[in-house]
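Undergrad: Shown below is the structure under consideration.
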Amino acid sequence: MREIITRFAPSPTGNLHIGGLRTALFNYLYARANNGKFLLRIEDTDLARNSLEASQAIIEAFKWVGMDYDGEVIYQSQRFEIYKRYIDQLIEENKAYYCYMSKEELDNLRNEQKNRGETPRYDNRYRDFRGTPPAGIAPVVRIKAPLDGVIAFHDGIKGDIKVGAKELDDFIIARSDGTPTYNFVVSIDDALMGVTDIIRGDDHLSNTPKQIIVYEALGFKIPNFYHVPMILSPQGHKLSKRDGAMGVMDYQKMGYLPEAILNFLVRLGWSYEDQEIFSLQEMLEYFNPKALNSSPSSYNQEKFLWLNAHYIKQTPNDTLQKLLQDFPCPALPALLDLPISQRDVLYNAIKERTQTLKDFANYASEILTAPQNYDEKSLKKIDADTFKILKNFNEALADFSFESVENLDKHLHAFMDNQTLKAGKLMQPLRIALLGKPGGIGLCEAMFVIGKKEVQKRIQKFCEAS
C-alpha cells in the first residue's frame, strides 16, 4: 500500500485566512488518518511581495490550532538552483526552448487575435527556432505543450476533467530574468517532495493541466487531485473580511478556541452522517477526501459561535483560567486571584451565557466590578419601601453563611419568609444593587462570587445613592 503524502503550500503575502486553514486541515486529516506525511511548503518566490512576518504567522497559526507537520518547512526561495537545473534539462531534451518574442510583439499578436474573435495565445513562433536570436532581447523559457489531443485527469471531487491541447499554449516556465514561474516550481516541488495527493481550492483547477504537462515532460508521477469549492458568504458571494475572511490569529484575539475553528472548517464542504460536533480524533477517523462536496459552502457565523460556545462549556476551568489571561479586562487581576470555589461557580455560570473567551472575560469583569451606574428603567420601579427592605437585608447578611451557593440560597429564602416578602420584592432590586442591571447569572451565584464584604458594600452604596 502506497504512503499518503499531502502538503499545504501557502504564499506568505499576508495572514493565513480560514479558507487556507481549511485546505490545510483537509490535507492534514487525510495524511494523518492514513499514517502518511503532511508537509508544509512556503511558496515565497515572489520576493517583492513576500513577508517574513507572514511566513512566521502561518507557522504560528498551525501551532495554535494544533496541526503538526512532518520534517522541516520547505521554502521555495531556497530552491532556485534546483529549478534552474530542471529548466536546463528540459532545454537540453528539446522539451523547452528560449522565446525571444518582445512584449510589444506579444501585445500586437494578442490584439490581432482578439480582432479576429480568437482566444489570445502565444503562436509558438520560436518553438523550433534555429536561427540567430534577435539582439537586445532577454528570452523567456517556454515548455513545449502538446499540439493535439487532450490533457485528462480524474479529480477526486469533480470527476473526469478533459482539456483540449489547443486550449493551451507553450506557457512560460522561466521569466526573462531567470526566475521560474508558479506552475513550474509547484510541479517540481510536489514531485521531489513525494506528494501523492493534492487537496486545494478549485481556483487552482485551471493550473492543473499545465502542471501535468510539466510532470510528464520530466517523467514524474502525477499525483491525485482534489479541487475543493471555495467558501462563500451567506449571500453567495466571495468571502470578504466582513463575512469572516480574517486572519486565523484574529480569531484567537476574538476569543475563539482552536477546537471550534477546526470543527467549523471541517464541516464547510464535508459531512459525516448527521453529526455536527467532531473531536479531532473523530475527524481523523471519519474523514475521506472523496466525501468532499462538489458545491461551495456558505460561511455561517451563528453556527461558528454556537460551536465555540460548545467548546467553551467543555473546557476545564483550570484551562480557562490560563486562556483568559490573554484577554485583558478591568477586573482580570481579581478574576485570576479568586479562590477556586468562587472561580468555579463563576466560570460554570458564565459558560452558559457567552460564546467567546473575550465575552467571557468581559462578563466576569462586569460581575467582579462594582457598578457605577444602574439601569434606569429598573430604578423607576424601586420605591422607598424597597430601599428599606434592602437595608434590612444588608444588616441580616452578617448572619449569612457564604460557604456555598446552597447556603446562601437557604438564607435568602429564609429572610424572605421571615419578612413575608415575595421574591420579586427583594431579588430584582438586590440584583440591580449588586450588578447594576437585570438579568445575568443566578443571584446567589453572584453573591457567592462577590463575597460578603463586597456584597454589603454594594448594597450600602446603592441605598445611599438613592
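In the C-alpha cells, each chain is lettered A, B, ... as it comes, each chain's residues begin at 1, and ligands are numbered from 1 in order of appearance.
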Can you list, as a ChimeraX atom specification, every residue of range 114-358 of chain A that DSSP puts in alpha helix (DSSP H)?
TA: /A:114-115,182-192,208-218,248-254,258-266,280-286,301-314,317-323,332-337,340-351,357-358
Undergrad: With only C-alpha atoms counted and 12 Å as the cut-off, give the residues of range 205-323 of chain A in contact with range 179-189 of chain A, each with its shortest interatomic distance in Å and the pair that gives it, as a Markdown table.
TA:
| residue | atom | partner | partner_atom | distance |
| --- | --- | --- | --- | --- |
| A:Leu205 | CA | A:Asn183 | CA | 11.7 |
| A:Ser206 | CA | A:Asn183 | CA | 10.5 |
| A:Asn207 | CA | A:Asn183 | CA | 6.8 |
| A:Thr208 | CA | A:Asn183 | CA | 8.3 |
| A:Pro209 | CA | A:Asn183 | CA | 9.7 |
| A:Lys210 | CA | A:Asn183 | CA | 6.7 |
| A:Gln211 | CA | A:Ser187 | CA | 5.6 |
| A:Ile212 | CA | A:Ser187 | CA | 7.9 |
| A:Ile213 | CA | A:Ser187 | CA | 9.3 |
| A:Val214 | CA | A:Ser187 | CA | 6.6 |
| A:Tyr215 | CA | A:Ser187 | CA | 6.5 |
| A:Glu216 | CA | A:Ser187 | CA | 10.2 |
| A:Ala217 | CA | A:Ser187 | CA | 10.8 |
| A:Leu218 | CA | A:Ile188 | CA | 8.9 |
| A:Gly219 | CA | A:Ile188 | CA | 10.9 |
| A:Phe220 | CA | A:Ile188 | CA | 8.7 |
| A:Lys221 | CA | A:Ser187 | CA | 10.4 |
| A:Ile222 | CA | A:Ser187 | CA | 9.2 |
| A:Pro223 | CA | A:Ser187 | CA | 9.9 |
Undergrad: Looking at only C-alpha atoms, which of A:Pro316, A:Leu292, A:Pro429, A:Ala334 is the one that sits closest to Lys381 in chain A?
TA: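 The closest residue to Lys381 in chain A is A:Pro429.
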Undergrad: Between CA of Leu357 in chain A and CA of Leu284 in chain A, measure the distance and give it in Å to one decimal.
TA: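 Interatomic distance, CA of Leu357 in chain A to CA of Leu284 in chain A: 26.7 Å.
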Undergrad: Using DSSP secondary structure from the backbone, list all strand (DSSP E or B) positions within range 216-323 of chain A, as a short mmCIF file (atom, residue, chain, number, x, y, z; two decimals) with N, CA and C atoms, in the first residue's frame.
TA:
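Wrote it out as part_6.cif, contents follow:
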data_model
loop_
_atom_site.label_atom_id
_atom_site.label_comp_id
_atom_site.auth_asym_id
_atom_site.auth_seq_id
_atom_site.Cartn_x
_atom_site.Cartn_y
_atom_site.Cartn_z
N ASN A 224 -2.68 12.48 -7.21
CA ASN A 224 -4.14 12.56 -7.23
C ASN A 224 -4.56 13.98 -6.86
N PHE A 225 -5.56 14.49 -7.55
CA PHE A 225 -6.02 15.86 -7.31
C PHE A 225 -7.44 15.87 -6.74
N TYR A 226 -7.66 16.80 -5.81
CA TYR A 226 -8.98 17.05 -5.25
C TYR A 226 -9.14 18.58 -5.19
N HIS A 227 -10.03 19.12 -6.00
CA HIS A 227 -10.22 20.57 -6.03
C HIS A 227 -11.50 20.94 -5.28
N VAL A 228 -11.31 21.60 -4.15
CA VAL A 228 -12.40 21.92 -3.22
C VAL A 228 -13.05 23.25 -3.59
N ILE A 231 -15.17 28.78 -0.12
CA ILE A 231 -16.15 29.18 0.90
C ILE A 231 -16.79 30.49 0.45
N LEU A 232 -18.10 30.54 0.45
CA LEU A 232 -18.81 31.75 0.04
C LEU A 232 -19.47 32.44 1.22
N LYS A 238 -18.09 35.99 -2.97
CA LYS A 238 -16.75 35.69 -2.46
C LYS A 238 -16.65 36.18 -1.03
N GLY A 247 -7.64 36.86 9.23
CA GLY A 247 -6.52 36.00 9.53
C GLY A 247 -6.88 35.04 10.66
N SER A 297 -19.50 25.97 -0.10
CA SER A 297 -20.08 26.03 1.24
C SER A 297 -20.27 27.48 1.65
N SER A 298 -21.24 27.72 2.51
CA SER A 298 -21.52 29.08 2.97
C SER A 298 -21.03 29.27 4.40
#
Undergrad: Name all residues at most 12 Å from Arg79 in chain A (count only C-alpha atoms; drop same-chain ones fewer than 2 positions away) and give them as a ChimeraX atom specification.
TA: /A:41-45,74-77,81-86,179-180,185-186,188-189,192
Undergrad: Do you know which residues are at most 10 Å from Phe129 in chain A counting only C-alpha atoms, after dropping those on the same chain fewer than 3 positions away, and could you put them as number ranges by chain?
TA: A: 97-100, 124-126, 132-133
Undergrad: Any idea what's packed within 9 Å of range 30-37 of chain A, counting only C-alpha atoms, ignoring anything in its chain fewer than 4 positions away? Could you give it as a count of residues only?
TA: 19
Undergrad: With only C-alpha atoms as the basis for distance, which of A:Tyr272, A:Phe80, A:Pro333, A:Lys351 is at the shortest distance from His310 in chain A?
TA: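 Under the stated criterion, the closest residue is A:Lys351.
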Undergrad: Can you pull out the residues contacting Pro371 in chain A? Cut-off 7 Å, using only C-alpha atoms, and skip same-chain residues under 2 positions away; I want them as a PyMOL selection string.
TA: chain A and resi 369+373-374+435-436
Undergrad: Residues of the last selection are to be written out with N, CA and C atoms, as a PDB file, in the first residue's frame.
TA:
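Here's the written file part.pdb:
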ATOM      1  N   THR A 369     -16.686  43.810  39.143  1.00  0.00           N
ATOM      2  CA  THR A 369     -16.512  45.252  39.285  1.00  0.00           C
ATOM      3  C   THR A 369     -17.819  45.875  39.766  1.00  0.00           C
ATOM      4  N   ASN A 373     -23.133  52.696  37.398  1.00  0.00           N
ATOM      5  CA  ASN A 373     -24.447  53.201  37.011  1.00  0.00           C
ATOM      6  C   ASN A 373     -25.462  52.080  37.167  1.00  0.00           C
ATOM      7  N   TYR A 374     -26.720  52.469  37.259  1.00  0.00           N
ATOM      8  CA  TYR A 374     -27.780  51.486  37.446  1.00  0.00           C
ATOM      9  C   TYR A 374     -28.832  51.639  36.350  1.00  0.00           C
ATOM     10  N   LEU A 435     -25.310  44.250  40.617  1.00  0.00           N
ATOM     11  CA  LEU A 435     -24.783  44.144  39.254  1.00  0.00           C
ATOM     12  C   LEU A 435     -25.133  45.335  38.361  1.00  0.00           C
ATOM     13  N   GLY A 436     -26.053  46.158  38.804  1.00  0.00           N
ATOM     14  CA  GLY A 436     -26.386  47.362  38.054  1.00  0.00           C
ATOM     15  C   GLY A 436     -27.421  47.183  36.969  1.00  0.00           C
TER      16      GLY A 436
END
Undergrad: What does the structure give for the distance between CA of Met249 in chain A and CA of Leu39 in chain A, in Å to one decimal?
TA: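 CA of Leu39 in chain A lies at a distance of 20.9 Å from CA of Met249 in chain A.
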Undergrad: Skip Ala145 in chain A itself and residues of its chain fewer than 2 positions away, then list as an mmCIF file with N, CA and C atoms, in the first residue's frame all residues within 7 Å of it, counting only C-alpha atoms.
TA:
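around_24.cif written:
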data_model
loop_
_atom_site.group_PDB
_atom_site.id
_atom_site.type_symbol
_atom_site.label_atom_id
_atom_site.label_comp_id
_atom_site.auth_asym_id
_atom_site.auth_seq_id
_atom_site.Cartn_x
_atom_site.Cartn_y
_atom_site.Cartn_z
ATOM 1 N N ILE A 143 7.794 25.916 -22.219
ATOM 2 C CA ILE A 143 7.755 24.462 -22.326
ATOM 3 C C ILE A 143 6.960 24.081 -23.567
ATOM 4 N N LEU A 147 0.524 19.518 -28.989
ATOM 5 C CA LEU A 147 -0.131 20.282 -30.053
ATOM 6 C C LEU A 147 -1.521 19.741 -30.370
ATOM 7 N N ASP A 169 -1.215 26.909 -24.586
ATOM 8 C CA ASP A 169 -0.088 27.275 -25.440
ATOM 9 C C ASP A 169 1.212 26.849 -24.757
ATOM 10 N N ASP A 170 2.305 27.158 -25.379
ATOM 11 C CA ASP A 170 3.608 26.862 -24.780
ATOM 12 C C ASP A 170 3.848 27.894 -23.680
ATOM 13 N N ILE A 213 1.509 18.817 -17.635
ATOM 14 C CA ILE A 213 2.471 18.907 -18.744
ATOM 15 C C ILE A 213 3.893 18.896 -18.204
#
Undergrad: At what distance in Å, to one decimal, does CA of Lys144 in chain A lie from CA of Glu93 in chain A?
TA: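 Atom-to-atom, CA of Glu93 in chain A to CA of Lys144 in chain A, that is 10.8 Å.
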Undergrad: Considering only C-alpha atoms, can you say which of A:Trp306, A:Pro146, A:Ile450, A:Asn293 comes closest to Val163 in chain A?
TA: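 Of the candidates, the smallest distance to Val163 in chain A is held by A:Pro146.
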Undergrad: Out of A:Leu257, A:Ile382, A:Val150, A:Val345, which residue has the shortest atom-to-atom distance to Ala364 in chain A when counting only C-alpha atoms?
TA: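 The shortest atom-to-atom distance to Ala364 in chain A comes from A:Val345.
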Undergrad: Give the answer as one residue: which of A:Cys463, A:Ile151, A:Ile432, A:Leu52 has the shortest atom-to-atom distance to Glu376 in chain A, using only C-alpha atoms?
TA: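 Nearest to Glu376 in chain A: A:Ile432.
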